[in-house]
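Student: Structure supplied as query-v2.pdb; contents: PDB, C-alpha atoms.
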ATOM      1  CA  MET A1309     -48.559 -25.578  58.788
ATOM      2  CA  GLN A1310     -47.089 -24.578  62.147
ATOM      3  CA  GLU A1311     -46.611 -27.401  64.623
ATOM      4  CA  ASP A1312     -48.383 -27.313  67.956
ATOM      5  CA  LEU A1313     -45.876 -26.217  70.614
ATOM      6  CA  PHE A1314     -47.657 -28.232  73.292
ATOM      7  CA  PRO A1315     -48.760 -31.452  71.558
ATOM      8  CA  ALA A1316     -51.272 -33.636  73.322
ATOM      9  CA  SER A1317     -49.833 -36.696  75.040
ATOM     10  CA  ASP A1318     -50.539 -40.091  73.477
ATOM     11  CA  ALA A1319     -51.001 -41.549  76.983
ATOM     12  CA  PRO A1320     -54.603 -42.304  77.983
ATOM     13  CA  GLN A1321     -56.172 -39.554  80.125
ATOM     14  CA  PRO A1322     -57.938 -40.408  83.426
ATOM     15  CA  ALA A1323     -61.699 -40.311  83.431
ATOM     16  CA  ASP A1324     -63.429 -37.297  84.999
ATOM     17  CA  ASP A1325     -64.482 -39.342  88.035
ATOM     18  CA  SER A1326     -60.891 -40.442  88.684
ATOM     19  CA  ARG A1327     -59.665 -36.882  88.376
ATOM     20  CA  ARG A1328     -62.264 -35.605  90.848
ATOM     21  CA  THR A1329     -61.425 -38.394  93.303
ATOM     22  CA  PHE A1330     -57.735 -37.559  93.139
ATOM     23  CA  MET A1331     -58.348 -33.838  93.778
ATOM     24  CA  LYS A1332     -60.578 -34.594  96.761
ATOM     25  CA  GLN A1333     -57.973 -36.881  98.309
ATOM     26  CA  ALA A1334     -55.164 -34.398  97.716
ATOM     27  CA  GLY A1335     -57.228 -31.567  99.187
ATOM     28  CA  GLY A1336     -58.071 -33.645 102.231
ATOM     29  CA  ILE A1337     -54.449 -34.491 102.924
ATOM     30  CA  PHE A1338     -53.406 -30.846 102.468
ATOM     31  CA  GLY A1339     -56.162 -29.620 104.761
ATOM     32  CA  PHE A1340     -55.274 -32.176 107.424
ATOM     33  CA  ALA A1341     -51.639 -31.075 107.324
ATOM     34  CA  LEU A1342     -52.590 -27.445 107.887
ATOM     35  CA  ALA A1343     -55.378 -27.890 110.418
ATOM     36  CA  ALA A1344     -53.295 -28.368 113.554
ATOM     37  CA  PRO A1345     -50.882 -25.411 113.061
ATOM     38  CA  LEU A1346     -53.708 -23.055 112.127
ATOM     39  CA  ALA A1347     -55.780 -24.112 115.104
ATOM     40  CA  GLY A1348     -52.786 -23.692 117.404
ATOM     41  CA  GLN A1349     -52.059 -20.236 116.051
ATOM     42  CA  ALA A1350     -55.667 -19.185 116.555
ATOM     43  CA  GLU A1351     -55.547 -20.361 120.160
ATOM     44  CA  ARG A1352     -52.331 -18.442 120.771
ATOM     45  CA  LEU A1353     -53.750 -15.257 119.271
ATOM     46  CA  THR A1354     -56.902 -15.595 121.371
ATOM     47  CA  ALA A1355     -54.889 -16.061 124.563
ATOM     48  CA  TYR A1356     -52.611 -13.137 123.633
ATOM     49  CA  SER A1357     -55.559 -10.822 123.049
ATOM     50  CA  LYS A1358     -57.055 -11.719 126.416
ATOM     51  CA  THR A1359     -53.876 -10.726 128.246
ATOM     52  CA  THR A1360     -53.134  -7.485 126.386
ATOM     53  CA  THR A1361     -56.504  -5.830 125.832
ATOM     54  CA  GLY A1362     -58.931  -4.142 128.144
ATOM     55  CA  VAL A1363     -58.685  -0.930 130.109
ATOM     56  CA  THR A1364     -57.400  -1.366 133.657
ATOM     57  CA  THR A1365     -57.483   1.012 136.618
ATOM     58  CA  LEU A1366     -53.929   1.717 137.720
ATOM     59  CA  THR A1367     -52.886   3.535 140.875
ATOM     60  CA  LEU A1368     -49.454   5.095 140.525
ATOM     61  CA  ARG A1369     -47.626   6.995 143.237
ATOM     62  CA  ILE A1370     -46.086   9.952 141.424
ATOM     63  CA  ASN A1371     -44.116  12.726 143.109
ATOM     64  CA  GLY A1372     -45.472  11.698 146.496
ATOM     65  CA  GLN A1373     -49.129  11.633 145.448
ATOM     66  CA  PRO A1374     -51.315   8.686 144.407
ATOM     67  CA  ARG A1375     -52.691   9.127 140.906
ATOM     68  CA  THR A1376     -55.337   6.955 139.269
ATOM     69  CA  VAL A1377     -55.205   6.313 135.550
ATOM     70  CA  GLN A1378     -57.269   4.231 133.141
ATOM     71  CA  ALA A1379     -54.974   2.416 130.734
ATOM     72  CA  GLU A1380     -54.435  -0.860 128.968
ATOM     73  CA  PRO A1381     -51.731  -3.146 130.390
ATOM     74  CA  ARG A1382     -49.582  -2.499 127.318
ATOM     75  CA  VAL A1383     -49.331   1.274 127.995
ATOM     76  CA  THR A1384     -45.828   2.405 128.881
ATOM     77  CA  LEU A1385     -45.058   4.533 131.897
ATOM     78  CA  LEU A1386     -44.022   7.337 129.538
ATOM     79  CA  ASP A1387     -47.373   7.373 127.744
ATOM     80  CA  ALA A1388     -49.273   7.123 131.029
ATOM     81  CA  LEU A1389     -47.421  10.164 132.357
ATOM     82  CA  ARG A1390     -47.754  12.290 129.238
ATOM     83  CA  GLU A1391     -51.076  11.253 127.722
ATOM     84  CA  ARG A1392     -53.137  10.184 130.741
ATOM     85  CA  LEU A1393     -51.789  12.357 133.559
ATOM     86  CA  ASP A1394     -50.657  15.453 131.636
ATOM     87  CA  LEU A1395     -47.155  15.297 133.128
ATOM     88  CA  THR A1396     -45.454  16.397 129.940
ATOM     89  CA  GLY A1397     -42.122  17.357 131.464
ATOM     90  CA  THR A1398     -40.923  13.838 130.719
ATOM     91  CA  LYS A1399     -40.122  13.866 127.001
ATOM     92  CA  LYS A1400     -40.608  11.245 124.315
ATOM     93  CA  GLY A1401     -37.505  11.137 122.157
ATOM     94  CA  CYS A1402     -36.562   7.931 120.360
ATOM     95  CA  ASP A1403     -39.205   5.795 122.124
ATOM     96  CA  HIS A1404     -36.690   2.922 121.980
ATOM     97  CA  GLY A1405     -34.703   3.465 125.176
ATOM     98  CA  GLN A1406     -31.695   4.892 123.349
ATOM     99  CA  CYS A1407     -31.738   8.653 124.006
ATOM    100  CA  GLY A1408     -32.647   9.028 127.700
ATOM    101  CA  ALA A1409     -35.088  11.912 127.162
ATOM    102  CA  CYS A1410     -37.771   9.979 129.050
ATOM    103  CA  THR A1411     -35.658   9.268 132.143
ATOM    104  CA  VAL A1412     -37.558   9.213 135.452
ATOM    105  CA  LEU A1413     -36.812   7.726 138.846
ATOM    106  CA  VAL A1414     -38.614   4.615 140.066
ATOM    107  CA  ASP A1415     -37.855   3.863 143.720
ATOM    108  CA  GLY A1416     -34.838   6.116 143.320
ATOM    109  CA  GLN A1417     -33.447   4.252 140.324
ATOM    110  CA  ARG A1418     -33.302   5.936 136.926
ATOM    111  CA  VAL A1419     -35.227   4.169 134.189
ATOM    112  CA  ASN A1420     -36.216   4.787 130.594
ATOM    113  CA  SER A1421     -39.945   5.206 131.036
ATOM    114  CA  CYS A1422     -40.574   4.367 127.368
ATOM    115  CA  LEU A1423     -39.413   0.801 128.074
ATOM    116  CA  MET A1424     -41.359   0.239 131.298
ATOM    117  CA  LEU A1425     -45.014  -0.738 131.443
ATOM    118  CA  ALA A1426     -47.045   1.516 133.724
ATOM    119  CA  ILE A1427     -48.790  -1.482 135.263
ATOM    120  CA  THR A1428     -45.453  -2.780 136.608
ATOM    121  CA  THR A1429     -44.810   0.400 138.588
ATOM    122  CA  GLN A1430     -47.830   0.136 140.875
ATOM    123  CA  GLY A1431     -46.751   0.307 144.505
ATOM    124  CA  LYS A1432     -43.484   2.040 143.600
ATOM    125  CA  GLU A1433     -42.433   5.658 144.061
ATOM    126  CA  ILE A1434     -42.159   7.462 140.738
ATOM    127  CA  THR A1435     -40.373  10.801 140.537
ATOM    128  CA  THR A1436     -40.583  12.985 137.438
ATOM    129  CA  ILE A1437     -39.019  16.331 136.632
ATOM    130  CA  GLU A1438     -42.148  18.017 138.014
ATOM    131  CA  GLY A1439     -41.438  16.524 141.441
ATOM    132  CA  LEU A1440     -37.863  17.746 141.959
ATOM    133  CA  ALA A1441     -38.500  21.319 143.049
ATOM    134  CA  GLN A1442     -39.897  22.060 146.496
ATOM    135  CA  GLY A1443     -42.408  24.779 145.766
ATOM    136  CA  GLU A1444     -40.459  27.723 144.386
ATOM    137  CA  ALA A1445     -37.133  26.239 145.507
ATOM    138  CA  LEU A1446     -35.397  24.463 142.663
ATOM    139  CA  HIS A1447     -33.478  21.233 143.152
ATOM    140  CA  PRO A1448     -29.684  21.805 143.271
ATOM    141  CA  MET A1449     -29.344  19.979 139.937
ATOM    142  CA  GLN A1450     -31.868  22.303 138.313
ATOM    143  CA  GLU A1451     -30.010  25.330 139.691
ATOM    144  CA  ALA A1452     -26.692  23.953 138.417
ATOM    145  CA  PHE A1453     -28.105  23.434 134.917
ATOM    146  CA  LEU A1454     -29.254  27.056 134.883
ATOM    147  CA  LYS A1455     -25.927  28.313 136.228
ATOM    148  CA  HIS A1456     -23.828  26.380 133.710
ATOM    149  CA  ASP A1457     -26.251  26.783 130.797
ATOM    150  CA  GLY A1458     -26.583  23.009 130.517
ATOM    151  CA  PHE A1459     -29.152  23.135 127.732
ATOM    152  CA  GLN A1460     -29.884  24.706 124.372
ATOM    153  CA  CYS A1461     -33.149  23.495 122.831
ATOM    154  CA  GLY A1462     -34.081  22.052 126.235
ATOM    155  CA  TYR A1463     -35.775  18.930 124.927
ATOM    156  CA  CYS A1464     -33.360  16.461 126.528
ATOM    157  CA  THR A1465     -32.963  18.587 129.676
ATOM    158  CA  PRO A1466     -35.579  16.888 131.925
ATOM    159  CA  GLY A1467     -34.047  13.488 131.250
ATOM    160  CA  GLN A1468     -30.525  14.861 131.704
ATOM    161  CA  ILE A1469     -31.457  16.392 135.058
ATOM    162  CA  MET A1470     -33.188  13.247 136.314
ATOM    163  CA  SER A1471     -30.234  11.115 135.245
ATOM    164  CA  GLY A1472     -27.827  13.592 136.819
ATOM    165  CA  VAL A1473     -29.658  13.425 140.149
ATOM    166  CA  ALA A1474     -29.422   9.629 140.133
ATOM    167  CA  CYS A1475     -25.826   9.655 138.940
ATOM    168  CA  VAL A1476     -24.743  11.790 141.891
ATOM    169  CA  LYS A1477     -26.789   9.720 144.346
ATOM    170  CA  GLU A1478     -25.190   6.522 143.021
ATOM    171  CA  GLY A1479     -21.712   7.985 143.613
ATOM    172  CA  HIS A1480     -20.914   7.838 139.916
ATOM    173  CA  ALA A1481     -19.920  11.467 139.437
ATOM    174  CA  THR A1482     -16.724  11.708 141.479
ATOM    175  CA  THR A1483     -14.563  12.443 138.408
ATOM    176  CA  ASP A1484     -15.191  13.931 134.979
ATOM    177  CA  ASP A1485     -14.538  10.627 133.214
ATOM    178  CA  GLN A1486     -16.779   8.707 135.581
ATOM    179  CA  ALA A1487     -19.615  11.204 135.169
ATOM    180  CA  ARG A1488     -19.263  11.078 131.384
ATOM    181  CA  GLU A1489     -19.481   7.293 131.458
ATOM    182  CA  TRP A1490     -22.523   7.106 133.713
ATOM    183  CA  MET A1491     -24.342   9.911 131.902
ATOM    184  CA  SER A1492     -23.632   8.444 128.464
ATOM    185  CA  GLY A1493     -27.149   7.040 128.158
ATOM    186  CA  ASN A1494     -28.546  10.573 127.854
ATOM    187  CA  LEU A1495     -27.993  12.148 124.463
ATOM    188  CA  CYS A1496     -27.918  15.877 123.724
ATOM    189  CA  ARG A1497     -28.336  16.619 120.040
ATOM    190  CA  CYS A1498     -27.324  20.242 120.638
ATOM    191  CA  GLY A1499     -23.974  19.137 122.013
ATOM    192  CA  ALA A1500     -24.146  20.829 125.417
ATOM    193  CA  TYR A1501     -22.210  18.000 127.045
ATOM    194  CA  ALA A1502     -19.457  20.176 128.564
ATOM    195  CA  ASN A1503     -22.003  22.330 130.368
ATOM    196  CA  ILE A1504     -24.051  19.321 131.477
ATOM    197  CA  LEU A1505     -20.905  17.728 132.863
ATOM    198  CA  ALA A1506     -20.040  20.921 134.747
ATOM    199  CA  ALA A1507     -23.500  21.009 136.330
ATOM    200  CA  VAL A1508     -23.428  17.362 137.409
ATOM    201  CA  ARG A1509     -19.912  17.625 138.791
ATOM    202  CA  GLU A1510     -20.748  20.786 140.771
ATOM    203  CA  VAL A1511     -23.676  19.087 142.506
ATOM    204  CA  ALA A1512     -21.547  16.008 143.201
ATOM    205  CA  THR A1513     -18.809  18.162 144.719
ATOM    206  CA  GLN A1514     -21.305  20.085 146.866
ATOM    207  CA  GLN A1515     -22.838  16.899 148.218
ATOM    208  CA  ALA A1516     -19.421  15.377 148.871
ATOM    209  CA  LYS A1517     -18.555  18.374 151.032
ATOM    210  CA  GLY A1518     -21.804  17.867 152.920
TER     211      GLY A1518
END
Output the file's structure as structure tokens, nothing else.

Tutor:
Amino acid sequence: MQEDLFPASDAPQPADDSRRTFMKQAGGIFGFALAAPLAGQAERLTAYSKTTTGVTTLTLRINGQPRTVQAEPRVTLLDALRERLDLTGTKKGCDHGQCGACTVLVDGQRVNSCLMLAITTQGKEITTIEGLAQGEALHPMQEAFLKHDGFQCGYCTPGQIMSGVACVKEGHATTDDQAREWMSGNLCRCGAYANILAAVREVATQQAKG
């Protein structure tokens, strides 16, 4: 006859009432231990939802004109431009601030619009690629990109141009090496860097001559 692999213990077993009492006490202690953290987490989530949800009316000054947009506070400047205002010249590349395709100017400073909340730019002057030309007259940086063939697929070009405009204005394009360094945040997957550099340096030289 095969032996039982899990033989019953010879020790006396607690009565059903004792067992139920023990389980109730253990459950109560466990519940008490968890109550405070769970309640705190719920409060934090409630507060977080109150500050990040809800459509807000934003007034953004873009390319010299006030524009009104309905957006949640969490909406980035890039998404507000492209999806709410139909200004699709600004491109969405990596969406992590690493490629520079979404570069625009905010109060004259170049920024990655994918990393900036639209709500934080109220009251500031925003310039996109659509705002560089004066009517039919292209901006000197746009003309230089055409002259030097500073693009291939063209996807990174708006961000490259916007960054180039700021780079020259900052005085960071006085030499080839300096321009390379200060334009390094804008990636070109086609590899048109030599032509981009030539365009930026030409504009810098023209402005230096006055």

Student: Work out how far CA of Gln1430 (chain A) is from CA of Trp1490 (chain A), in Å to one decimal.

Tutor: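 Computed distance, CA of Trp1490 (chain A) to CA of Gln1430 (chain A), equals 27.2 Å.
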
Student: Quick one, how far is CA of Thr1384 (chain A) from CA of Thr1365 (chain A)?

Tutor: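 Distance reported for this atom pair: 14.1 Å.
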
Student: Taking into account all atoms listed in the file, which residue in the set A:His1480, A:Lys1399, A:Lys1455, A:Arg1418 is nearest to Ala1516 (chain A)?

Tutor: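 Ranked by minimum distance to Ala1516 (chain A), first place goes to A:His1480.
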
Student: Using all atoms listed in the file, which residues sit within 9 Å of region 1404-1412 of chain A once same-chain residues fewer than 2 positions away are excluded, as an mmCIF file with C-alpha atoms, in the coordinates of the input?

Tutor:
data_model
loop_
_atom_site.group_PDB
_atom_site.id
_atom_site.type_symbol
_atom_site.label_atom_id
_atom_site.label_comp_id
_atom_site.auth_asym_id
_atom_site.auth_seq_id
_atom_site.Cartn_x
_atom_site.Cartn_y
_atom_site.Cartn_z
ATOM 1 C CA LEU A 1386 -44.022 7.337 129.538
ATOM 2 C CA GLY A 1397 -42.122 17.357 131.464
ATOM 3 C CA THR A 1398 -40.923 13.838 130.719
ATOM 4 C CA LYS A 1399 -40.122 13.866 127.001
ATOM 5 C CA LYS A 1400 -40.608 11.245 124.315
ATOM 6 C CA GLY A 1401 -37.505 11.137 122.157
ATOM 7 C CA CYS A 1402 -36.562 7.931 120.360
ATOM 8 C CA VAL A 1414 -38.614 4.615 140.066
ATOM 9 C CA GLY A 1416 -34.838 6.116 143.320
ATOM 10 C CA GLN A 1417 -33.447 4.252 140.324
ATOM 11 C CA ARG A 1418 -33.302 5.936 136.926
ATOM 12 C CA VAL A 1419 -35.227 4.169 134.189
ATOM 13 C CA ASN A 1420 -36.216 4.787 130.594
ATOM 14 C CA SER A 1421 -39.945 5.206 131.036
ATOM 15 C CA CYS A 1422 -40.574 4.367 127.368
ATOM 16 C CA LEU A 1423 -39.413 0.801 128.074
ATOM 17 C CA ILE A 1434 -42.159 7.462 140.738
ATOM 18 C CA THR A 1435 -40.373 10.801 140.537
ATOM 19 C CA THR A 1436 -40.583 12.985 137.438
ATOM 20 C CA ILE A 1437 -39.019 16.331 136.632
ATOM 21 C CA TYR A 1463 -35.775 18.930 124.927
ATOM 22 C CA CYS A 1464 -33.360 16.461 126.528
ATOM 23 C CA THR A 1465 -32.963 18.587 129.676
ATOM 24 C CA PRO A 1466 -35.579 16.888 131.925
ATOM 25 C CA GLY A 1467 -34.047 13.488 131.250
ATOM 26 C CA GLN A 1468 -30.525 14.861 131.704
ATOM 27 C CA ILE A 1469 -31.457 16.392 135.058
ATOM 28 C CA MET A 1470 -33.188 13.247 136.314
ATOM 29 C CA SER A 1471 -30.234 11.115 135.245
ATOM 30 C CA GLY A 1493 -27.149 7.040 128.158
ATOM 31 C CA ASN A 1494 -28.546 10.573 127.854
ATOM 32 C CA LEU A 1495 -27.993 12.148 124.463
ATOM 33 C CA CYS A 1496 -27.918 15.877 123.724
#

Student: Applying 8 Å and all atoms listed in the file, which residues near Lys1432 (chain A) remain after dropping the ones on its own chain fewer than 3 positions away? List them as a PyMOL selection string.

Tutor: chain A and resi 1368-1369+1414-1415+1429

Student: Work out how far CA of Thr1396 (chain A) is from CA of Gln1450 (chain A), in Å to one decimal.

Tutor: 17.0 Å

Student: Check which residues satisfy the PyMOL selection byres ((chain A and resi 1456) around 9) in the file shown, then give them as a PyMOL selection string.

Tutor: chain A and resi 1451-1455+1457-1459+1503-1504+1506-1507

Student: With C-alpha atoms kept, could you save the residues just selected as an mmCIF file, in the frame of the given file?

Tutor:
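Here's the written file selection_30.cif:
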data_model
loop_
_atom_site.group_PDB
_atom_site.id
_atom_site.type_symbol
_atom_site.label_atom_id
_atom_site.label_comp_id
_atom_site.auth_asym_id
_atom_site.auth_seq_id
_atom_site.Cartn_x
_atom_site.Cartn_y
_atom_site.Cartn_z
ATOM 1 C CA GLU A 1451 -30.010 25.330 139.691
ATOM 2 C CA ALA A 1452 -26.692 23.953 138.417
ATOM 3 C CA PHE A 1453 -28.105 23.434 134.917
ATOM 4 C CA LEU A 1454 -29.254 27.056 134.883
ATOM 5 C CA LYS A 1455 -25.927 28.313 136.228
ATOM 6 C CA ASP A 1457 -26.251 26.783 130.797
ATOM 7 C CA GLY A 1458 -26.583 23.009 130.517
ATOM 8 C CA PHE A 1459 -29.152 23.135 127.732
ATOM 9 C CA ASN A 1503 -22.003 22.330 130.368
ATOM 10 C CA ILE A 1504 -24.051 19.321 131.477
ATOM 11 C CA ALA A 1506 -20.040 20.921 134.747
ATOM 12 C CA ALA A 1507 -23.500 21.009 136.330
#

Student: Which one is closest to Gly1372 (chain A): A:Ala1487, A:Leu1440, A:Ala1481, A:Met1449? Count all atoms listed in the file.

Tutor: A:Leu1440

Student: Please determine, counting all atoms listed in the file, which residue among A:Leu1413, A:Val1473, A:Met1424, A:Leu1366 has the shortest atom-to-atom distance to Arg1392 (chain A).

Tutor: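 Once distances to Arg1392 (chain A) are computed over all atoms listed in the file, the minimum belongs to A:Leu1366.
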
Student: With distances taken over only C-alpha atoms, which of A:Arg1488, A:His1447, A:Arg1497, A:Arg1375 is nearest to Gly1431 (chain A)?

Tutor: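 Once distances to Gly1431 (chain A) are computed over only C-alpha atoms, the minimum belongs to A:Arg1375.
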
Student: Which residues would end up in the selection if the PyMOL selection byres ((chain A and resi 1382) around 7) were applied here, given that I need the answer as a compact mmCIF listing (two decimals) with C-alpha atoms, in the frame of the given file?

Tutor:
# COMPACT_ATOMS: atom_id res chain seq x y z
CA THR A 1360 -53.13 -7.48 126.39
CA GLU A 1380 -54.44 -0.86 128.97
CA PRO A 1381 -51.73 -3.15 130.39
CA VAL A 1383 -49.33 1.27 128.00
CA THR A 1384 -45.83 2.40 128.88
CA LEU A 1425 -45.01 -0.74 131.44

Student: My structure is short of atoms at region 1458-1482 of chain A; please model N, CA and C atoms there, returning them as a tab-separated table (two decimals), in the frame of the given file.

Tutor:
chain	number	residue	atom	x	y	z
A	1458	GLY	N	-26.69	24.40	130.94
A	1458	GLY	CA	-26.58	23.01	130.52
A	1458	GLY	C	-27.66	22.58	129.53
A	1459	PHE	N	-28.12	23.49	128.72
A	1459	PHE	CA	-29.15	23.14	127.73
A	1459	PHE	C	-29.16	24.18	126.62
A	1460	GLN	N	-29.66	23.77	125.47
A	1460	GLN	CA	-29.88	24.71	124.37
A	1460	GLN	C	-31.35	24.63	123.95
A	1461	CYS	N	-31.73	23.60	123.19
A	1461	CYS	CA	-33.15	23.50	122.83
A	1461	CYS	C	-34.00	23.09	124.03
A	1462	GLY	N	-33.39	22.41	125.00
A	1462	GLY	CA	-34.08	22.05	126.24
A	1462	GLY	C	-34.87	20.76	126.19
A	1463	TYR	N	-34.92	20.11	125.03
A	1463	TYR	CA	-35.78	18.93	124.93
A	1463	TYR	C	-35.24	17.77	125.76
A	1464	CYS	N	-33.95	17.57	125.77
A	1464	CYS	CA	-33.36	16.46	126.53
A	1464	CYS	C	-33.15	16.82	127.99
A	1465	THR	N	-33.34	18.10	128.35
A	1465	THR	CA	-32.96	18.59	129.68
A	1465	THR	C	-33.65	17.86	130.83
A	1466	PRO	N	-34.97	17.61	130.79
A	1466	PRO	CA	-35.58	16.89	131.93
A	1466	PRO	C	-34.93	15.53	132.17
A	1467	GLY	N	-34.69	14.79	131.09
A	1467	GLY	CA	-34.05	13.49	131.25
A	1467	GLY	C	-32.62	13.61	131.74
A	1468	GLN	N	-31.90	14.63	131.25
A	1468	GLN	CA	-30.52	14.86	131.70
A	1468	GLN	C	-30.50	15.17	133.20
A	1469	ILE	N	-31.41	16.01	133.64
A	1469	ILE	CA	-31.46	16.39	135.06
A	1469	ILE	C	-31.79	15.19	135.93
A	1470	MET	N	-32.81	14.42	135.53
A	1470	MET	CA	-33.19	13.25	136.31
A	1470	MET	C	-32.05	12.24	136.38
A	1471	SER	N	-31.36	12.04	135.26
A	1471	SER	CA	-30.23	11.12	135.24
A	1471	SER	C	-29.08	11.66	136.08
A	1472	GLY	N	-28.88	12.98	136.02
A	1472	GLY	CA	-27.83	13.59	136.82
A	1472	GLY	C	-28.07	13.44	138.30
A	1473	VAL	N	-29.32	13.61	138.74
A	1473	VAL	CA	-29.66	13.42	140.15
A	1473	VAL	C	-29.31	12.00	140.60
A	1474	ALA	N	-29.70	11.03	139.79
A	1474	ALA	CA	-29.42	9.63	140.13
A	1474	ALA	C	-27.93	9.33	140.08
A	1475	CYS	N	-27.26	9.89	139.09
A	1475	CYS	CA	-25.83	9.65	138.94
A	1475	CYS	C	-25.06	10.10	140.18
A	1476	VAL	N	-25.40	11.27	140.68
A	1476	VAL	CA	-24.74	11.79	141.89
A	1476	VAL	C	-25.09	10.92	143.09
A	1477	LYS	N	-26.35	10.55	143.22
A	1477	LYS	CA	-26.79	9.72	144.35
A	1477	LYS	C	-26.10	8.36	144.34
A	1478	GLU	N	-25.85	7.83	143.15
A	1478	GLU	CA	-25.19	6.52	143.02
A	1478	GLU	C	-23.70	6.60	143.32
A	1479	GLY	N	-23.15	7.82	143.40
A	1479	GLY	CA	-21.71	7.98	143.61
A	1479	GLY	C	-20.92	7.80	142.34
A	1480	HIS	N	-21.56	8.05	141.20
A	1480	HIS	CA	-20.91	7.84	139.92
A	1480	HIS	C	-20.53	9.15	139.23
A	1481	ALA	N	-20.31	10.18	140.03
A	1481	ALA	CA	-19.92	11.47	139.44
A	1481	ALA	C	-18.73	12.07	140.19
A	1482	THR	N	-17.86	11.22	140.68
A	1482	THR	CA	-16.72	11.71	141.48
A	1482	THR	C	-15.60	12.26	140.62
